[in-house]
$ cat upload_0.cif   # mmCIF, C-alpha atoms
data_query
#
loop_
_atom_site.label_atom_id
_atom_site.label_comp_id
_atom_site.auth_asym_id
_atom_site.auth_seq_id
_atom_site.Cartn_x
_atom_site.Cartn_y
_atom_site.Cartn_z
CA MET A 1 0.00 0.00 0.00
CA LEU A 2 1.13 3.51 -0.71
CA ARG A 3 -0.13 6.83 0.66
CA VAL A 4 0.41 9.62 -1.87
CA GLY A 5 -0.17 13.31 -1.23
CA LEU A 6 -0.99 15.32 -4.36
CA THR A 7 -0.51 19.04 -3.90
CA GLY A 8 0.08 22.28 -5.77
CA GLY A 9 -0.92 25.91 -5.69
CA LEU A 10 -4.23 27.44 -6.68
CA GLY A 11 -4.98 26.74 -10.35
CA SER A 12 -2.04 24.36 -10.77
CA GLY A 13 -4.20 21.52 -12.08
CA LYS A 14 -4.33 19.12 -9.12
CA SER A 15 -7.84 17.97 -9.93
CA THR A 16 -6.88 17.28 -13.54
CA VAL A 17 -3.95 15.14 -12.40
CA ALA A 18 -6.17 13.43 -9.83
CA GLY A 19 -8.65 12.50 -12.55
CA MET A 20 -5.87 11.00 -14.66
CA LEU A 21 -4.56 8.98 -11.73
CA ARG A 22 -8.07 7.77 -10.91
CA ALA A 23 -8.48 6.58 -14.50
CA LEU A 24 -5.20 4.67 -14.21
CA GLY A 25 -6.35 2.84 -11.09
CA ALA A 26 -5.56 5.06 -8.09
CA GLU A 27 -8.03 5.56 -5.24
CA VAL A 28 -8.50 9.32 -4.85
CA ILE A 29 -9.99 11.59 -2.20
CA GLU A 30 -10.04 15.41 -2.37
CA ALA A 31 -9.62 17.56 0.73
CA ASP A 32 -11.86 20.28 -0.74
CA ASP A 33 -14.76 17.83 -1.05
CA LEU A 34 -14.32 16.72 2.55
CA GLY A 35 -14.12 20.33 3.75
CA ARG A 36 -17.30 21.30 1.90
CA ALA A 37 -19.20 18.38 3.39
CA MET A 38 -18.00 19.27 6.88
CA MET A 39 -19.23 22.85 6.47
CA GLU A 40 -22.82 21.76 5.93
CA PRO A 41 -25.33 22.66 8.69
CA GLY A 42 -25.32 20.19 11.54
CA GLN A 43 -21.65 19.24 11.20
CA PRO A 44 -19.24 20.05 14.07
CA VAL A 45 -16.97 22.07 11.73
CA TYR A 46 -19.99 24.15 10.67
CA GLN A 47 -20.83 24.94 14.29
CA GLN A 48 -17.23 25.82 15.16
CA THR A 49 -16.97 28.10 12.12
CA LEU A 50 -20.13 29.98 13.06
CA GLN A 51 -18.90 30.40 16.62
CA ALA A 52 -15.53 31.72 15.45
CA PHE A 53 -16.63 33.98 12.57
CA GLY A 54 -20.14 34.98 13.59
CA PRO A 55 -23.61 34.69 12.04
CA GLN A 56 -22.67 37.04 9.19
CA VAL A 57 -20.99 34.13 7.38
CA ALA A 58 -24.29 32.23 7.11
CA ASP A 59 -26.92 32.76 4.42
CA PRO A 60 -30.64 32.98 5.26
CA ASP A 61 -30.99 29.25 4.52
CA GLY A 62 -28.40 28.50 7.20
CA ARG A 63 -25.61 27.39 4.89
CA LEU A 64 -22.22 29.03 5.11
CA ASN A 65 -21.56 31.85 2.67
CA ARG A 66 -18.21 30.63 1.39
CA ALA A 67 -17.46 33.90 -0.41
CA GLN A 68 -17.95 35.90 2.79
CA LEU A 69 -15.94 33.38 4.77
CA ALA A 70 -13.12 33.54 2.21
CA LYS A 71 -13.15 37.33 2.40
CA LEU A 72 -12.68 37.21 6.16
CA ALA A 73 -10.02 34.53 5.87
CA PHE A 74 -7.90 36.07 3.11
CA ALA A 75 -8.60 39.78 3.17
CA GLU A 76 -8.69 40.14 6.94
CA GLY A 77 -5.85 37.80 7.83
CA ARG A 78 -7.90 35.07 9.51
CA LEU A 79 -6.92 32.17 7.28
CA GLN A 80 -5.00 30.31 9.97
CA GLN A 81 -7.97 30.63 12.31
CA LEU A 82 -10.21 28.99 9.71
CA ASN A 83 -7.63 26.33 8.87
CA ALA A 84 -7.25 25.43 12.54
CA ILE A 85 -10.95 24.54 12.58
CA VAL A 86 -11.19 22.69 9.27
CA HIS A 87 -7.86 20.92 8.77
CA PRO A 88 -7.76 18.59 11.82
CA ALA A 89 -11.21 17.26 10.94
CA VAL A 90 -10.30 16.83 7.26
CA ILE A 91 -7.04 15.04 8.07
CA GLU A 92 -8.83 12.68 10.44
CA ALA A 93 -11.42 11.89 7.75
CA GLN A 94 -8.59 11.17 5.31
CA ARG A 95 -6.93 8.86 7.83
CA GLN A 96 -10.16 6.92 8.32
CA TRP A 97 -10.70 6.67 4.56
CA MET A 98 -7.19 5.31 4.01
CA ALA A 99 -7.53 2.82 6.87
CA GLN A 100 -10.77 1.46 5.42
CA LEU A 101 -9.31 1.36 1.92
CA PHE A 102 -6.21 -0.58 2.93
CA ARG A 103 -8.25 -3.09 4.92
CA ARG A 104 -10.25 -3.73 1.76
CA ASP A 105 -7.29 -3.62 -0.64
CA PRO A 106 -3.81 -3.85 0.94
CA ALA A 107 -2.20 -3.23 -2.48
CA ALA A 108 -4.06 0.04 -3.14
CA ILE A 109 -2.41 3.34 -4.00
CA ALA A 110 -4.32 6.05 -2.12
CA VAL A 111 -4.04 9.61 -3.40
CA VAL A 112 -5.00 12.50 -1.11
CA VAL A 113 -5.47 15.75 -3.03
CA SER A 114 -4.80 18.87 -0.96
CA ALA A 115 -3.44 22.31 -1.82
CA LEU A 116 -1.89 22.82 1.60
CA ILE A 117 0.08 19.75 2.63
CA PHE A 118 3.26 21.73 3.21
CA GLU A 119 1.56 24.93 4.41
CA VAL A 120 -0.39 23.16 7.14
CA GLU A 121 2.83 21.73 8.54
CA ARG A 122 4.65 25.07 8.18
CA ASP A 123 1.95 27.05 9.97
CA ALA A 124 1.58 24.51 12.77
CA ARG A 125 5.29 24.54 13.47
CA ALA A 126 5.30 28.35 13.35
CA ARG A 127 2.74 28.24 16.16
CA GLY A 128 5.14 26.07 18.17
CA GLU A 129 3.42 22.73 17.54
CA GLN A 130 5.69 19.71 17.29
CA ASP A 131 3.76 16.44 17.54
CA THR A 132 0.23 17.43 16.54
CA VAL A 133 -1.59 16.02 13.52
CA LEU A 134 -1.05 19.32 11.68
CA ALA A 135 2.68 19.57 12.40
CA ASP A 136 3.12 15.95 11.38
CA TRP A 137 0.96 15.83 8.24
CA ARG A 138 3.72 15.56 5.62
CA ARG A 139 5.27 12.57 7.38
CA ARG A 140 1.96 10.73 7.14
CA MET A 141 2.42 10.47 3.37
CA ASP A 142 4.73 7.88 1.83
CA ARG A 143 5.21 10.05 -1.27
CA VAL A 144 4.27 13.63 -2.19
CA VAL A 145 3.63 14.84 -5.73
CA VAL A 146 3.65 18.56 -6.56
CA VAL A 147 1.92 20.02 -9.62
CA THR A 148 3.48 23.30 -10.78
CA ALA A 149 2.43 25.97 -13.28
CA PRO A 150 3.35 29.60 -14.06
CA ASP A 151 1.59 32.00 -11.69
CA GLU A 152 -0.17 33.93 -14.45
CA LEU A 153 -1.62 30.70 -15.80
CA LYS A 154 -2.72 29.70 -12.30
CA ILE A 155 -4.53 33.01 -11.90
CA ALA A 156 -6.23 32.72 -15.29
CA ARG A 157 -7.42 29.21 -14.45
CA TYR A 158 -8.72 30.30 -11.06
CA LEU A 159 -10.64 33.24 -12.53
CA ALA A 160 -12.20 31.02 -15.20
CA ARG A 161 -13.21 28.42 -12.62
CA SER A 162 -14.57 30.86 -10.04
CA GLY A 163 -16.37 33.11 -12.54
CA GLN A 164 -14.55 36.18 -11.24
CA SER A 165 -13.00 38.85 -13.44
CA GLY A 166 -11.35 42.25 -13.31
CA PRO A 167 -9.04 43.70 -10.67
CA ALA A 168 -11.04 42.36 -7.74
CA GLY A 169 -10.88 38.80 -9.01
CA GLU A 170 -7.18 39.03 -9.74
CA ALA A 171 -6.54 40.52 -6.30
CA ASP A 172 -8.41 37.62 -4.72
CA ALA A 173 -6.34 35.10 -6.69
CA ARG A 174 -3.06 36.78 -5.79
CA ALA A 175 -4.02 36.92 -2.10
CA ARG A 176 -4.65 33.19 -2.16
CA LEU A 177 -1.36 32.52 -3.93
CA THR A 178 0.50 34.70 -1.43
CA SER A 179 -0.79 32.56 1.43
CA GLN A 180 0.70 29.46 -0.22
CA MET A 181 4.31 28.38 -0.54
CA THR A 182 5.93 28.91 -3.92
CA ASP A 183 6.27 26.10 -6.44
CA GLU A 184 10.03 26.15 -5.90
CA GLU A 185 9.64 25.64 -2.15
CA LYS A 186 7.19 22.79 -2.64
CA ALA A 187 9.21 21.12 -5.38
CA ALA A 188 12.27 21.07 -3.13
CA ARG A 189 10.33 19.02 -0.57
CA ALA A 190 8.44 16.74 -2.97
CA ASP A 191 9.23 13.27 -4.24
CA PHE A 192 7.82 13.95 -7.71
CA VAL A 193 7.14 17.17 -9.65
CA LEU A 194 4.71 17.51 -12.57
CA ARG A 195 4.75 20.64 -14.73
CA ASN A 196 1.33 21.69 -16.00
CA ASP A 197 1.96 24.60 -18.35
CA GLY A 198 -1.11 24.05 -20.52
CA ASP A 199 -0.02 21.17 -22.74
CA PHE A 200 -2.57 18.47 -21.86
CA ASP A 201 -0.83 15.65 -23.71
CA ALA A 202 2.48 16.48 -22.06
CA LEU A 203 0.82 16.46 -18.65
CA ARG A 204 -0.83 13.11 -19.35
CA ALA A 205 2.53 11.62 -20.37
CA GLN A 206 4.05 12.83 -17.09
CA VAL A 207 1.17 11.33 -15.09
CA GLU A 208 1.50 7.99 -16.86
CA GLN A 209 5.20 7.88 -16.00
CA LEU A 210 4.40 8.87 -12.42
CA TRP A 211 1.86 6.06 -12.15
CA LEU A 212 4.44 3.51 -13.27
CA ARG A 213 6.87 4.81 -10.65
CA LEU A 214 4.23 4.69 -7.91
CA GLN A 215 3.31 1.12 -8.83
CA GLN A 216 6.96 0.08 -8.74
CA GLN A 217 7.49 1.69 -5.36
CA ASN A 218 4.27 0.24 -4.00
CA ASN A 219 5.36 -3.26 -4.98
CA MET A 220 8.72 -2.75 -3.28
CA GLN A 221 7.25 -1.44 -0.03
CA PRO A 222 5.85 -3.98 2.47
CA ALA A 223 2.69 -2.89 4.24
CA ALA A 224 4.49 -2.75 7.57
CA ASP A 225 6.93 -0.16 6.19
CA SER A 226 4.24 2.29 5.09
CA LEU A 227 4.01 5.34 7.31
CA LYS A 228 1.21 5.55 9.83
#
$ encode --input "upload_0.cif" --output "C-alpha cells"
Amino acid sequence: MLRVGLTGGLGSGKSTVAGMLRALGAEVIEADDLGRAMMEPGQPVYQQTLQAFGPQVADPDGRLNRAQLAKLAFAEGRLQQLNAIVHPAVIEAQRQWMAQLFRRDPAAIAVVVSALIFEVERDARARGEQDTVLADWRRRMDRVVVVTAPDELKIARYLARSGQSGPAGEADARARLTSQMTDEEKAARADFVLRNDGDFDALRAQVEQLWLRLQQQNNMQPAADSLK
C-alpha cells in the first residue's frame, strides 16, 4: 500500500492530475470535497466556524456563505484561524478513509489531493506545535507529488473556474497565492514534480510515467513499512 499526497498551488491543475490517476487505477480523495461536506449545517466544523466567525458568514438558509468566509479569511488575515478549525477534521477523515481502503485492498495506492500539505505543517510549526496532527501531516504520506504551473496561468485558471474577473478577481487570486508556498519551495520538498503549463498531452505523459513509478514503489514497499 502507498499513501500519496498530491498538492500544488491554486490553479495548478491538481484535480486534472487526480482525474488522470483515478483513470489509471488510483483511489483518490479530495480535501476540498471533505471540507465542503463538513461545512454543511449540523456538522461540528460548521458549528465551530459559526462560533468563530459569527452569524454574518451564514446565508438565510443556514448554509455558510463561502465567499464571505473567504473574504474574512484572506482579506482580513484570519486564514490560519479557519484552517485550525477545518484541517484537523479533514485530516482525520482522510486517515479513516485510508484505513478502510487498505483493509479492503492492501495493495491500493491512495491519493489525497490537498493544496496545503506543506503549508499546514509550516503554519503549525510556526505556532510552536511539534507532535500534533497538523505539524506531522507531511510525514503521514509515503510520497508527495507537486503540480506546478506559471503563476499567471494559475490566476487565469482560477478566474475562469470561479467566474470572477477584473481587478477584484485578480486581487483575490493573488491573495490566495501569497498565502501558499511557492512552487520552488514545494518542489524542493516533494518526491515527484509535474509541470502543467497548458499542454494536456504532455501532462498526461508525465502522469503515466508517475503512475508507473508509484506502482513500482508500492510493490517494493511492504505494508508494515508504510508510514502511519
$ atom_distance --input "upload_0.cif" --atom1 "CA of Thr148 in chain A" --atom2 "CA of Ser12 in chain A"
5.6 Å
$ residues_around --input "upload_0.cif" --residues "Gly35 in chain A" --least-positions-apart "5" --cutoff "12 Å" --atoms "all atoms listed in the file" --output "VMD selection string"
chain A and resid 29 to 30 40 43 to 46 49 64 66 82 to 83 85 to 94 113 to 114
$ resolve_selection --input "upload_0.cif" --expression "the PyMOL selection byres ((chain A and resi 170-186) around 7)" --output "list in words"
Gly9, Leu10, Phe74, Glu119, Val146, Thr148, Ile155, Tyr158, Ser165, Gly166, Pro167, Ala168, Gly169, Ala187, Ala188, Arg189 and Ala190 of chain A
$ closest_residue --input "upload_0.cif" --among "A:Val145, A:Asp197, A:Glu152, A:Ala52" --to "Ala18 in chain A" --atoms "only C-alpha atoms"
A:Val145
$ closest_residue --input "upload_0.cif" --among "A:Val4, A:Ala126, A:Leu50, A:Arg213" --to "Ala108 in chain A" --atoms "all atoms listed in the file"
A:Val4
$ closest_residue --input "upload_0.cif" --among "A:Ala205, A:Ala115, A:Val57, A:Ala107" --to "Thr7 in chain A" --atoms "only C-alpha atoms"
A:Ala115
$ closest_residue --input "upload_0.cif" --among "A:Leu6, A:Met38, A:Leu153, A:Leu116" --to "Ala26 in chain A" --atoms "only C-alpha atoms"
A:Leu6
